[in-house]
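K.L.:
Could you have a look at this structure, given as structure tokens, before my questions?
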Amino acid sequence: MRWSQFFIPTLREDPADAEVVSHRLLLRAGFVRQLAAGIYSLLPLAQRTRARIEQIIREEMNAIGGQEFFLPALNPRDIWEESGRWAVMGDNMFRLKDRKGADLCLGMTHEEVFTAIARHELRSYKQLPQVWYQIQTKFRDEARPKSGVLRVRQFIMKDAYSFDVDQAGLDKSFEDQRQAYINIFTRCGLKFSIVEASSGAMGGSASNEFMVKTDAGEDLIATCDACGYAANLEKATSKLAAITDEPSTLNAPEEFPTPGVRTIEDLTTFPGGASAERQIKTLVYVATDANTNEPSFVLALLRGDHPLHETKLADAIGASQVRPAQPEEIRDLLGASAGSLGGVGARAQAQAAKQSIRIVADRALEGRTNMTTGANKDEHHLRGVDVERDIKPDSWADLRTVASGERCPNCAAGTLEVFKALEIGHIFKLGTKYSVSMGASVLTQDGKEVPIVMGSYGIGVERIMAAAIELHHDADGIIWPRAIAPFDVVVTVTNVKQAEMKDAGERLYTELQRAGLEVLLDDRDERAGVKFKDADLVGIPYRVTVGKKITGGAVELFDRATKETTEVGLDEVVRRVQELALAGR
RNA sequence: CGGGCUGUAGCGCAGCCUGGUUAGCGCGCCGCAUUUGGGAUGCGGAGGUCCUCGGUUCAAAUCCGAGCAGCCCGACCA
């Protein structure tokens with residue numbers, strides 16, 4: 001392409017609304033323009049990068065036997081009713097009606113459509129496994145689109161689905177996808193972590209997220225450099241130093257007045273109180289059951305200095321969502337305000353209020369004795385509490401949020417660090433959630449009908465683009481990883497009015513293209529400085545500068561990443577660029 | 001959905017509080033000249049429903065009301 005004819009609307013100044021780096025640079029370098037909140041147009045440069053990313057994805061998907069489809073984005077209501085997600089998706093789903101008044105939606109993901117195909121066409125174990133994928137537009141009516149292309153309402157996703165006859169088959173398909181993802185993101189020049197994650201409303205058993213560490217991300221992950229342990233904070237655990245409780249002289253908890261004490265912190269300084277590690281934190285939640293949608297009360301117990309992770313609580317009790325109880329709800333239930341709550345006698349209190357509660361205790365409380373907690377009576381606490389003897393939790397679960405500096409759960413020496421991260425891919429073992437609800441089954445070798453065991457695997461294409469920028473940029477602009485740059489090399493003619501330079505640039509342009517490279521020829525009648533600035537901003541990995549040295553048969557080769565310039569003879573520049581650029585593919 | 005902020009030329013902004021000639025600045029854009037290796041200089045020029053609707057007023061970018069849109073924080077997020 002010739003720059004003079006190619007649409008690259010670069011901006012000199014930073015756009016006012018762009019805060020995150022990738023957003024700012026995608027706008028400034030002429031890759032995208034915003035149409036509405038969370039809706040972006042990809043301009044020709046972005047379209048080229050997108051095509052390269054998609055090509056890498058296709059190659060890796062095909063390498064594990066994936067077959068490419070293209071499904072409709074416009075979906076009828078009925079399949080979403082069958083899976084139960086017409087209701088579950090709530091306001092996040094774009095809905096519309098056709099002329100007959102029938103309900104339609106725009107696809108947020110495609111489990112339903114792929115499963116609808118599978119149930120009609122897959123009959124026998126002999127047809128399995130199948131790995132189906134597509135690269136397609138997804139629609140999600142985000143409550144708050146933000147951060148440029150990172151959180152949007154319309155985006156491109158590679159979504160893949162595997163269909164197996166049994167769990168062992170799924171394990172293999174999942175592992176294939178995992179390896180393909182590693183290849184894809186590595187080829188795209190991204191440094192990433194694979195973390196254990198909660199599968200949430202997708203259902204299913206296991207899931208891995210592919211995360212890029214960046215402050216532009218919205219997730220928090222914990223990683224251990226020593227052993228490579230990595231988990232989303234909604235799953236992460238850590239090793240705690242053991243606490244030895246002093247034996248209590250009490251056979252039962254003893255109540256004592258604590259005027260003015262409203263928090264764990266207050267009680268640590270209260271005469272006769274207790275340090276935070278020796279207190280039990282009692283939180284009241286209202287949980288919505290994932291199956292029945294019925295609300296119920298849950299008491300979550302944690303060590304006084306440990307924060308609750310709500311997703312862990314929801315996962316632990318099979319709730320689709322949890323919310324903190326309102327102050328009035330708490331008073332009706334336990335007869336006291338937050339600040340004086342406790343698990344001791346809580347069941348009886350709730351029963352008296354004609355409510356039932358479930359008590360879930362964090363594992364850090366296992367075996368703990370002689371602790372202090374609220375008495376369910378305002379400004380009174382109990383001391384000498386033995387968690388198992390006096391509270392008898394219904395279940396134990398990991399509920400606490402880990403923090404930087406805690407010990408790795410997976411190795412002896414490591415320490416956890418918590419980082420902000422951006423999710424670029426997510427793979428799920430779905431199991432039979434959709435095949436059962438939508439009736440997709442096959443016959444096994446011994447003639448038994450079994451639901452197909454499914455997996456679901458997604459990659460956000462624009463997020464790869466944005467993550468690459470978050471990771472690779474400097475004060476002058478983007479530094480594209482070579483494999484996904486919109487062009488391999490830009491030939492910059494410093495002065496197009498000088499015939500010798502112009503001609504040499506044209507010749508190089510042709511020769512580099514013949515060598516199999518994607519080449520941009522900067523043939524604009526601009527000053528050299530403008531062209532250098534633009535080339536840096538757009539982030540093309542290599543620049544061949546055709547300038548005054550052309551009279552001596554030499555040009556300059558500029559490396560965008562290192563900013564090093566080397567003088568190269570005209571006769572060898574094509575070979576040099578070819579070596580460098582193709583090495584990155 | 002709660003809280004905060006913003007809407008004036010393609011982009012970045014001033015003007016608004018305290019209403020009053022022709023709405024201004026920088027960048028970009030067009031023409032000419034001189035320049036030509038890191039976002040040139042001079043001269044000339046084009047470009048505006050001041051977000052929308054309604055109200056107050058002799059007079060509204062400016063005051064009042066409603067609405068719409070965008071950004072940020074939070075809640076939410078297959």
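Every chain in the structure tokens has a letter given in the order shown (A, B, ...), and although residue numbers restart at 1 in each chain, ligands are simply numbered from 1 in the order shown.
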Once you count only C-alpha atoms (C1' of nucleotides), which residues of chain A turn out to be within 10 Å of chain B? Could you give them as a PyMOL selection string?
P.N.:
chain A and resi 11-19+36-37+85+88-89+92-93+108-111+140-144+146-147+151+199-203+494-497+525-534+545+547-548
K.L.:
Neighbours of A:Ala290 within 7 Å (only C-alpha atoms (C1' of nucleotides); same-chain residues fewer than 4 positions away dropped), as a list in words?
P.N.:
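So the residues in contact are Gly318, Ala319 and Ser320 of chain A.
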K.L.:
Please produce a file of the residues just selected, as a compact mmCIF listing (two decimals), in the first residue's frame, where the atoms kept are N, CA and C atoms.
P.N.:
```
# COMPACT_ATOMS: atom_id res chain seq x y z
N GLY A 318 -23.54 -23.07 45.81
CA GLY A 318 -24.36 -23.32 44.62
C GLY A 318 -25.36 -22.20 44.36
N ALA A 319 -24.93 -20.97 44.59
CA ALA A 319 -25.82 -19.84 44.34
C ALA A 319 -25.46 -19.19 43.02
N SER A 320 -26.49 -18.70 42.33
CA SER A 320 -26.19 -17.97 41.10
C SER A 320 -25.69 -16.57 41.44
```
K.L.:
Hey, what's within 10 Å of A:Asn251 if we count only C-alpha atoms (C1' of nucleotides) and toss same-chain stuff fewer than 6 positions away? As an MDAnalysis selection string, please?
P.N.:
chainID A and resid 370 384:386 389:390
K.L.:
Enter the distance from atom CA of A:Glu68 to atom CA of A:Gln34, in Å, rounded to one decimal.
P.N.:
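Computed distance, atom CA of A:Glu68 to atom CA of A:Gln34, equals 29.6 Å.
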K.L.:
In stretch 89-267 of chain A, what's helix (DSSP H, G or I) per DSSP? Answer as a compact mmCIF listing (two decimals) with N, CA and C atoms, in the first residue's frame?
P.N.:
```txt
# COMPACT_ATOMS: atom_id res chain seq x y z
N GLY A 90 -30.69 -11.76 31.34
CA GLY A 90 -31.22 -10.48 31.81
C GLY A 90 -30.94 -9.33 30.86
N ASP A 91 -30.59 -8.20 31.44
CA ASP A 91 -30.40 -6.98 30.65
C ASP A 91 -29.14 -7.02 29.78
N ASN A 92 -28.29 -8.02 29.99
CA ASN A 92 -27.07 -8.08 29.19
C ASN A 92 -27.34 -8.53 27.76
N GLU A 111 -23.29 -21.30 22.53
CA GLU A 111 -23.58 -22.66 23.00
C GLU A 111 -24.91 -23.15 22.44
N GLU A 112 -25.93 -22.30 22.49
CA GLU A 112 -27.28 -22.71 22.10
C GLU A 112 -27.34 -23.12 20.63
N VAL A 113 -26.78 -22.27 19.75
CA VAL A 113 -26.91 -22.56 18.32
C VAL A 113 -26.09 -23.80 17.96
N PHE A 114 -24.87 -23.88 18.48
CA PHE A 114 -24.06 -25.07 18.16
C PHE A 114 -24.71 -26.33 18.71
N THR A 115 -25.27 -26.24 19.93
CA THR A 115 -25.92 -27.42 20.50
C THR A 115 -27.16 -27.80 19.69
N ALA A 116 -27.85 -26.78 19.17
CA ALA A 116 -29.03 -27.06 18.34
C ALA A 116 -28.64 -27.82 17.08
N ILE A 117 -27.46 -27.51 16.54
CA ILE A 117 -26.99 -28.26 15.37
C ILE A 117 -26.59 -29.67 15.80
N ALA A 118 -25.87 -29.73 16.89
CA ALA A 118 -25.35 -31.02 17.34
C ALA A 118 -26.47 -32.02 17.63
N ARG A 119 -27.55 -31.56 18.24
CA ARG A 119 -28.60 -32.51 18.63
C ARG A 119 -29.34 -33.08 17.42
N HIS A 120 -29.35 -32.35 16.33
CA HIS A 120 -29.99 -32.88 15.14
C HIS A 120 -29.08 -33.80 14.37
N GLU A 121 -27.80 -33.52 14.40
CA GLU A 121 -26.90 -34.20 13.48
C GLU A 121 -26.00 -35.25 14.11
N TYR A 125 -21.60 -42.28 18.82
CA TYR A 125 -20.25 -42.06 19.37
C TYR A 125 -19.21 -42.07 18.26
N LYS A 126 -19.57 -42.74 17.14
CA LYS A 126 -18.60 -42.82 16.03
C LYS A 126 -18.33 -41.46 15.41
N GLN A 127 -19.28 -40.54 15.59
CA GLN A 127 -19.10 -39.19 15.00
C GLN A 127 -18.25 -38.29 15.89
N GLY A 148 -11.92 1.88 26.03
CA GLY A 148 -11.73 1.68 24.60
C GLY A 148 -12.32 0.36 24.15
N VAL A 149 -11.52 -0.45 23.46
CA VAL A 149 -12.05 -1.71 22.94
C VAL A 149 -11.99 -2.84 23.97
N LEU A 150 -11.61 -2.53 25.20
CA LEU A 150 -11.48 -3.60 26.19
C LEU A 150 -12.81 -4.09 26.74
N GLN A 167 -16.28 -37.98 29.68
CA GLN A 167 -15.43 -37.02 30.37
C GLN A 167 -13.98 -37.12 29.91
N ALA A 168 -13.53 -38.34 29.66
CA ALA A 168 -12.14 -38.52 29.22
C ALA A 168 -11.92 -37.82 27.88
N GLY A 169 -12.92 -37.93 27.02
CA GLY A 169 -12.85 -37.24 25.74
C GLY A 169 -12.78 -35.74 25.93
N LEU A 170 -13.62 -35.23 26.83
CA LEU A 170 -13.61 -33.79 27.11
C LEU A 170 -12.25 -33.35 27.64
N ASP A 171 -11.69 -34.17 28.54
CA ASP A 171 -10.37 -33.82 29.09
C ASP A 171 -9.35 -33.64 27.98
N LYS A 172 -9.41 -34.53 26.98
CA LYS A 172 -8.48 -34.46 25.85
C LYS A 172 -8.76 -33.21 25.00
N SER A 173 -10.03 -32.97 24.71
CA SER A 173 -10.39 -31.79 23.90
C SER A 173 -9.97 -30.51 24.61
N PHE A 174 -10.19 -30.47 25.91
CA PHE A 174 -9.84 -29.31 26.71
C PHE A 174 -8.33 -29.07 26.66
N GLU A 175 -7.58 -30.14 26.79
CA GLU A 175 -6.12 -30.04 26.77
C GLU A 175 -5.64 -29.58 25.39
N ASP A 176 -6.27 -30.08 24.33
CA ASP A 176 -5.93 -29.64 22.97
C ASP A 176 -6.13 -28.12 22.84
N GLN A 177 -7.28 -27.67 23.31
CA GLN A 177 -7.58 -26.24 23.21
C GLN A 177 -6.58 -25.43 24.02
N ARG A 178 -6.28 -25.92 25.20
CA ARG A 178 -5.35 -25.21 26.07
C ARG A 178 -4.01 -25.02 25.37
N GLN A 179 -3.55 -26.09 24.73
CA GLN A 179 -2.28 -26.00 24.03
C GLN A 179 -2.39 -25.06 22.83
N ALA A 180 -3.51 -25.13 22.13
CA ALA A 180 -3.72 -24.24 20.97
C ALA A 180 -3.70 -22.79 21.43
N TYR A 181 -4.31 -22.53 22.56
CA TYR A 181 -4.35 -21.16 23.08
C TYR A 181 -2.95 -20.66 23.43
N ILE A 182 -2.18 -21.54 24.03
CA ILE A 182 -0.80 -21.17 24.35
C ILE A 182 -0.07 -20.78 23.06
N ASN A 183 -0.27 -21.59 22.01
CA ASN A 183 0.39 -21.29 20.73
C ASN A 183 -0.09 -19.96 20.16
N ILE A 184 -1.40 -19.74 20.20
CA ILE A 184 -1.98 -18.53 19.61
C ILE A 184 -1.43 -17.28 20.30
N PHE A 185 -1.51 -17.26 21.61
CA PHE A 185 -1.11 -16.04 22.32
C PHE A 185 0.40 -15.82 22.25
N THR A 186 1.14 -16.91 22.24
CA THR A 186 2.58 -16.79 22.10
C THR A 186 2.93 -16.22 20.73
N ARG A 187 2.29 -16.75 19.70
CA ARG A 187 2.54 -16.24 18.35
C ARG A 187 2.14 -14.78 18.20
N GLY A 200 -18.61 -19.77 36.91
CA GLY A 200 -19.73 -18.84 37.00
C GLY A 200 -21.00 -19.32 36.31
N ALA A 201 -21.69 -18.39 35.69
CA ALA A 201 -22.99 -18.71 35.09
C ALA A 201 -22.88 -19.56 33.84
N MET A 202 -21.64 -19.79 33.34
CA MET A 202 -21.48 -20.66 32.19
C MET A 202 -21.78 -22.09 32.58
N ILE A 264 -14.52 -5.22 63.84
CA ILE A 264 -13.44 -6.12 64.26
C ILE A 264 -12.31 -5.28 64.86
N GLU A 265 -11.99 -4.20 64.13
CA GLU A 265 -10.92 -3.29 64.53
C GLU A 265 -11.17 -2.74 65.94
N ASP A 266 -12.44 -2.31 66.20
CA ASP A 266 -12.79 -1.77 67.52
C ASP A 266 -12.45 -2.77 68.62
N LEU A 267 -12.77 -4.02 68.36
CA LEU A 267 -12.62 -5.03 69.41
C LEU A 267 -11.16 -5.36 69.69
```
